[in-house]
Amino acid sequence: MHKQLFEIYEQMGVSKNVLSLSEKVEESLKERFEQIDKVTEYNQMKVLGAMQKNKLAEAHFSPTTGYGYNDIGRETLEKVYADIFHTEAALVRAQITCGTHALYLALSSVLRPGDELISPVGKPYDTMEEIIGIRKSTGSLAEYGVTYKQVELLPDGTFDYEGIKNAISDKTKMMTIQRSKGYLTRPTFSVKQIGELISFIKDINPNIICMVDNCYGEFVDIIEPSDVGADMIVGSLIKNPGGGLAPIGGYICGTKECIDKAYYRLTAPGLGSEVGATLGVNREFFQGLFNAPQVVNGALKGAIFAANLYEALGFECSPNANADRHDIIQAVTFHDPEKVIAFCEGIQYAAPVDSHVTPTPWAMPGYDCDVIMAAGAFVSGASIELSADAPMHEPYTVYFQGGLSYDHARFGIMKSLSRMEEKGLVKIGQID
Ligand SMILES: *Cc1c(COP(=O)(O)O)cnc(C)c1O
């Protein structure tokens with residue numbers, strides 16, 4: 001069997017050097033992978049339990065059209081999400097176009113003119129800058145009279161509690177807390193850390209609404225930010241909770257008061273949750289959610305494999321090879337645009353879709369510099385599928401994520417390294 005595996009990898013363009021290094025790296029990861037399997041086991045039961053409790057049935061997969069009144073599939077899906085994330089209510093909709101949209105919905109449903117929003121965790125995700133108005137943008141919260149402050153993290157990546165306390169004023173209505181590092185090299189926060197931060201904020205003023213951007217974090221741990229005091233958690237269905245099957249959508253889970261506001265904001269005052277046809281996506285939403293813990297398992301193992309492989313070659317990885325994981329993102333810093341491009345080419349060539357195209361850096365809406373993106377996904381742009389992206393500026397860090405299975409994630413990483421070797425950008429072989 002070993003021989004056949006070797007042969008098929010060679011046919012698929014993985015070099016002998018990369019293959020033997022990969023085998024060595026993987027050998028060392030057995031114990032960590034077992035720990036991840038335990039988390040998955042727990043989360044699989046959590047998801048299944050919520051589906052059973054809500055008596056999920058075939059009738060819930062029927063499409064609705066038009067206004068979408070009495071869509072029992074949609075209503076059940078939202079109850080299942082609320083049960084999984086242990087919240088009073090949930091909004092899970094195909095009408096949410098992406099994660100950025102879900103975040104804008106959450107913020108704009110709570111904030112009113114004169115209110116202040118604070119990010120106590122430093123700079124938020126790039127696309128949030130235009131939502132908030134950090135970068136001037138039509139329709140930003142700033143245009144509606146919402147002010148914004150940001151408290152930087154301390155040099156060691158922890159929360160500046162003193163700074164946060166000083167930043168809070170009578171106008172402070174809401175906190176936006178990003179769990180994942182996004183396009184930054186700061187660490188991703190654990191759910192436990194987020195819980196400590198929320199407790200600190202609520203001790204100062206329990207009325208401040210704490211929203212957590214949960215993108216890429218779902219099912220990585222057995223608890224979620226909603227288990228540690230978040231009023232709202234927000235994410236994209238073409239990331240973790242869609243399990244690779246959801247073709248569109250986003251979610252907000254939280255208190256009934258917050259979710260009601262989000263419904264009125266998403267549809268219209270007076271309409272709220274009652275409208276929103278699902279057009280036949282319910283089965284994919286449910287089935288994807290059911291698969292999500294397994295998909296996250298593969299993506300996490302892929303990220304750990306990547307960190308261990310690239311660190312063995314002397315590249316700086318965040319999280320590093322041994323660090324605990326709180327999201328599925330792996331950052332590798334190259335300080336070299338050529339290596340970034342080669343890495344992304346390798347990921348693209350490993351894709352099931354569009355493996356014959358070559359990615360190039362390009363201007364993207366919402367980002368303030370050229371970005372290179374490798375994504376040959378069944379669902380366009382789905383970053384729970386094998387994907388990599390990098391803003392083209394120093395320190396030339398690539399962010400790798402996803403893979404619907406560990407086998408695919410590992411192959412993507414092997415291809416990325418093979419591509420760099422092919423272009424003469426790395427030398428493998430002399431590793432002991
Ligand atoms: C992906 C992501 C977003 C935005 O999601 P899009 O679906 O790309 O709009 C926001 N925050 C974080 C941390 C993300 O990872």
# chains A, B, ... in the order shown; residues from 1 in each chain; ligands from 1

call {"tool": "closest_atom_pairs", "arguments": {"of": "chain A", "to": "ligand 1", "cutoff": "9 Å", "atoms": "only C-alpha atoms and all ligand atoms", "output": "JSON lines"}}
result
{"residue": "A:Thr97", "atom": "CA", "partner": "ligand 1", "partner_atom_place_in_ligand_line": "7 (O)", "distance": 7.7}
{"residue": "A:Cys98", "atom": "CA", "partner": "ligand 1", "partner_atom_place_in_ligand_line": "7 (O)", "distance": 4.0}
{"residue": "A:Gly99", "atom": "CA", "partner": "ligand 1", "partner_atom_place_in_ligand_line": "7 (O)", "distance": 3.4}
{"residue": "A:Thr100", "atom": "CA", "partner": "ligand 1", "partner_atom_place_in_ligand_line": "9 (O)", "distance": 3.6}
{"residue": "A:His101", "atom": "CA", "partner": "ligand 1", "partner_atom_place_in_ligand_line": "9 (O)", "distance": 6.3}
{"residue": "A:Ala102", "atom": "CA", "partner": "ligand 1", "partner_atom_place_in_ligand_line": "9 (O)", "distance": 7.9}
{"residue": "A:Leu103", "atom": "CA", "partner": "ligand 1", "partner_atom_place_in_ligand_line": "10 (C)", "distance": 7.3}
{"residue": "A:Pro124", "atom": "CA", "partner": "ligand 1", "partner_atom_place_in_ligand_line": "11 (N)", "distance": 7.7}
{"residue": "A:Tyr125", "atom": "CA", "partner": "ligand 1", "partner_atom_place_in_ligand_line": "11 (N)", "distance": 5.2}
{"residue": "A:Asp126", "atom": "CA", "partner": "ligand 1", "partner_atom_place_in_ligand_line": "10 (C)", "distance": 7.8}
{"residue": "A:Thr127", "atom": "CA", "partner": "ligand 1", "partner_atom_place_in_ligand_line": "4 (C)", "distance": 6.7}
{"residue": "A:Met128", "atom": "CA", "partner": "ligand 1", "partner_atom_place_in_ligand_line": "10 (C)", "distance": 7.3}
{"residue": "A:Gln178", "atom": "CA", "partner": "ligand 1", "partner_atom_place_in_ligand_line": "13 (C)", "distance": 6.0}
{"residue": "A:Arg179", "atom": "CA", "partner": "ligand 1", "partner_atom_place_in_ligand_line": "13 (C)", "distance": 6.7}
{"residue": "A:Ser180", "atom": "CA", "partner": "ligand 1", "partner_atom_place_in_ligand_line": "13 (C)", "distance": 5.0}
{"residue": "A:Lys181", "atom": "CA", "partner": "ligand 1", "partner_atom_place_in_ligand_line": "13 (C)", "distance": 6.3}
{"residue": "A:Gly182", "atom": "CA", "partner": "ligand 1", "partner_atom_place_in_ligand_line": "13 (C)", "distance": 4.5}
{"residue": "A:Tyr183", "atom": "CA", "partner": "ligand 1", "partner_atom_place_in_ligand_line": "13 (C)", "distance": 8.0}
{"residue": "A:Asp213", "atom": "CA", "partner": "ligand 1", "partner_atom_place_in_ligand_line": "11 (N)", "distance": 6.0}
{"residue": "A:Asn214", "atom": "CA", "partner": "ligand 1", "partner_atom_place_in_ligand_line": "13 (C)", "distance": 6.8}
{"residue": "A:Cys215", "atom": "CA", "partner": "ligand 1", "partner_atom_place_in_ligand_line": "15 (O)", "distance": 4.7}
{"residue": "A:Tyr216", "atom": "CA", "partner": "ligand 1", "partner_atom_place_in_ligand_line": "15 (O)", "distance": 5.8}
{"residue": "A:Gly217", "atom": "CA", "partner": "ligand 1", "partner_atom_place_in_ligand_line": "13 (C)", "distance": 8.7}
{"residue": "A:Val234", "atom": "CA", "partner": "ligand 1", "partner_atom_place_in_ligand_line": "10 (C)", "distance": 8.9}
{"residue": "A:Gly235", "atom": "CA", "partner": "ligand 1", "partner_atom_place_in_ligand_line": "5 (O)", "distance": 7.5}
{"residue": "A:Ser236", "atom": "CA", "partner": "ligand 1", "partner_atom_place_in_ligand_line": "7 (O)", "distance": 5.6}
{"residue": "A:Leu237", "atom": "CA", "partner": "ligand 1", "partner_atom_place_in_ligand_line": "7 (O)", "distance": 8.2}
{"residue": "A:Ile238", "atom": "CA", "partner": "ligand 1", "partner_atom_place_in_ligand_line": "7 (O)", "distance": 7.1}
{"residue": "A:Lys239", "atom": "CA", "partner": "ligand 1", "partner_atom_place_in_ligand_line": "1 (C)", "distance": 7.5}
{"residue": "A:Gly249", "atom": "CA", "partner": "ligand 1", "partner_atom_place_in_ligand_line": "7 (O)", "distance": 8.9}
{"residue": "A:Gly250", "atom": "CA", "partner": "ligand 1", "partner_atom_place_in_ligand_line": "7 (O)", "distance": 8.2}
{"residue": "A:Ile329", "atom": "CA", "partner": "ligand 1", "partner_atom_place_in_ligand_line": "15 (O)", "distance": 8.5}
{"residue": "A:Gly366", "atom": "CA", "partner": "ligand 1", "partner_atom_place_in_ligand_line": "9 (O)", "distance": 8.9}
{"residue": "A:Gly381", "atom": "CA", "partner": "ligand 1", "partner_atom_place_in_ligand_line": "8 (O)", "distance": 8.3}
{"residue": "A:Ala382", "atom": "CA", "partner": "ligand 1", "partner_atom_place_in_ligand_line": "7 (O)", "distance": 8.2}
{"residue": "A:Ser383", "atom": "CA", "partner": "ligand 1", "partner_atom_place_in_ligand_line": "1 (C)", "distance": 7.7}

call {"tool": "residues_around", "arguments": {"residues": "A:Glu88", "least_positions_apart": "3", "cutoff": "10 Å", "atoms": "only C-alpha atoms", "output": "list of chain:residue names"}}
result
A:Lys79, A:Tyr81, A:Ala82, A:Asp83, A:Phe85, A:Asp231, A:Cys253, A:Gly254, A:Thr255, A:Lys256, A:Glu257, A:Cys258, A:Ile259

call {"tool": "write_last_selection", "arguments": {"atoms": "N, CA, C and O atoms", "output": "PDB file, in the first residue's frame"}}
result
ATOM      1  N   LYS A  79     -33.763  27.119  15.466  1.00  0.00           N
ATOM      2  CA  LYS A  79     -33.819  26.516  16.816  1.00  0.00           C
ATOM      3  C   LYS A  79     -32.623  25.599  17.046  1.00  0.00           C
ATOM      4  O   LYS A  79     -32.054  25.553  18.143  1.00  0.00           O
ATOM      5  N   TYR A  81     -29.620  25.841  15.659  1.00  0.00           N
ATOM      6  CA  TYR A  81     -28.445  26.701  15.905  1.00  0.00           C
ATOM      7  C   TYR A  81     -28.455  27.245  17.338  1.00  0.00           C
ATOM      8  O   TYR A  81     -27.431  27.244  18.023  1.00  0.00           O
ATOM      9  N   ALA A  82     -29.630  27.724  17.766  1.00  0.00           N
ATOM     10  CA  ALA A  82     -29.720  28.281  19.125  1.00  0.00           C
ATOM     11  C   ALA A  82     -29.370  27.215  20.160  1.00  0.00           C
ATOM     12  O   ALA A  82     -28.676  27.494  21.149  1.00  0.00           O
ATOM     13  N   ASP A  83     -29.790  25.988  19.934  1.00  0.00           N
ATOM     14  CA  ASP A  83     -29.488  24.917  20.896  1.00  0.00           C
ATOM     15  C   ASP A  83     -28.007  24.559  20.886  1.00  0.00           C
ATOM     16  O   ASP A  83     -27.402  24.341  21.935  1.00  0.00           O
ATOM     17  N   PHE A  85     -25.477  26.468  20.094  1.00  0.00           N
ATOM     18  CA  PHE A  85     -24.657  27.554  20.667  1.00  0.00           C
ATOM     19  C   PHE A  85     -25.174  28.033  22.022  1.00  0.00           C
ATOM     20  O   PHE A  85     -24.669  29.002  22.572  1.00  0.00           O
ATOM     21  N   ASP A 231     -23.198  38.284  24.006  1.00  0.00           N
ATOM     22  CA  ASP A 231     -24.614  38.548  23.711  1.00  0.00           C
ATOM     23  C   ASP A 231     -24.964  38.123  22.294  1.00  0.00           C
ATOM     24  O   ASP A 231     -26.112  37.795  22.002  1.00  0.00           O
ATOM     25  N   CYS A 253     -26.225  34.200  16.518  1.00  0.00           N
ATOM     26  CA  CYS A 253     -26.891  33.556  17.646  1.00  0.00           C
ATOM     27  C   CYS A 253     -26.719  34.461  18.847  1.00  0.00           C
ATOM     28  O   CYS A 253     -25.659  35.072  19.025  1.00  0.00           O
ATOM     29  N   GLY A 254     -27.753  34.550  19.692  1.00  0.00           N
ATOM     30  CA  GLY A 254     -27.602  35.422  20.849  1.00  0.00           C
ATOM     31  C   GLY A 254     -28.866  35.546  21.670  1.00  0.00           C
ATOM     32  O   GLY A 254     -29.763  34.701  21.586  1.00  0.00           O
ATOM     33  N   THR A 255     -28.914  36.636  22.430  1.00  0.00           N
ATOM     34  CA  THR A 255     -30.085  36.869  23.287  1.00  0.00           C
ATOM     35  C   THR A 255     -31.284  37.177  22.398  1.00  0.00           C
ATOM     36  O   THR A 255     -31.134  37.658  21.265  1.00  0.00           O
ATOM     37  N   LYS A 256     -32.467  36.928  22.945  1.00  0.00           N
ATOM     38  CA  LYS A 256     -33.674  37.155  22.160  1.00  0.00           C
ATOM     39  C   LYS A 256     -33.766  38.621  21.736  1.00  0.00           C
ATOM     40  O   LYS A 256     -34.110  38.934  20.592  1.00  0.00           O
ATOM     41  N   GLU A 257     -33.415  39.512  22.661  1.00  0.00           N
ATOM     42  CA  GLU A 257     -33.497  40.944  22.370  1.00  0.00           C
ATOM     43  C   GLU A 257     -32.598  41.327  21.186  1.00  0.00           C
ATOM     44  O   GLU A 257     -33.032  42.040  20.271  1.00  0.00           O
ATOM     45  N   CYS A 258     -31.381  40.839  21.210  1.00  0.00           N
ATOM     46  CA  CYS A 258     -30.440  41.154  20.108  1.00  0.00           C
ATOM     47  C   CYS A 258     -30.900  40.534  18.796  1.00  0.00           C
ATOM     48  O   CYS A 258     -30.838  41.173  17.740  1.00  0.00           O
ATOM     49  N   ILE A 259     -31.336  39.294  18.849  1.00  0.00           N
ATOM     50  CA  ILE A 259     -31.710  38.604  17.606  1.00  0.00           C
ATOM     51  C   ILE A 259     -32.971  39.231  17.005  1.00  0.00           C
ATOM     52  O   ILE A 259     -33.063  39.371  15.772  1.00  0.00           O
TER      53      ILE A 259
END

call {"tool": "atom_distance", "arguments": {"atom1": "atom CA of A:Tyr148", "atom2": "atom CA of A:Ile252"}}
result
21.7 Å

call {"tool": "residues_around", "arguments": {"residues": "A:Gly229", "least_positions_apart": "3", "cutoff": "12 Å", "atoms": "only C-alpha atoms", "output": "PyMOL selection string"}}
result
chain A and resi 85-87+191-203+206+208-212+223-226+232-233+254-255

call {"tool": "residues_around", "arguments": {"residues": "A:Gly302", "least_positions_apart": "2", "cutoff": "9 Å", "atoms": "only C-alpha atoms", "output": "number ranges by chain"}}
result
A: 297-300, 304-307, 328, 330, 401-403, 405-413

call {"tool": "select_by_dssp", "arguments": {"residues": "stretch 239-422 of chain A", "states": "helix (DSSP H, G or I)", "output": "ChimeraX atom specification"}}
result
/A:240-242,256-266,272-274,282-312,337-349,406-422

call {"tool": "residues_around", "arguments": {"residues": "A:Phe285", "least_positions_apart": "5", "cutoff": "7 Å", "atoms": "only C-alpha atoms", "output": "VMD selection string"}}
result
chain A and resid 242 245 to 246

call {"tool": "write_last_selection", "arguments": {"atoms": "N, CA and C atoms", "output": "PDB file, in the first residue's frame"}}
result
ATOM      1  N   GLY A 242     -21.119  25.772   7.960  1.00  0.00           N
ATOM      2  CA  GLY A 242     -21.772  25.289   6.743  1.00  0.00           C
ATOM      3  C   GLY A 242     -21.253  23.932   6.302  1.00  0.00           C
ATOM      4  N   LEU A 245     -21.134  22.424   2.671  1.00  0.00           N
ATOM      5  CA  LEU A 245     -22.312  22.191   1.833  1.00  0.00           C
ATOM      6  C   LEU A 245     -23.179  23.438   1.675  1.00  0.00           C
ATOM      7  N   ALA A 246     -23.210  24.294   2.685  1.00  0.00           N
ATOM      8  CA  ALA A 246     -24.028  25.501   2.581  1.00  0.00           C
ATOM      9  C   ALA A 246     -23.509  26.337   1.410  1.00  0.00           C
TER      10      ALA A 246
END
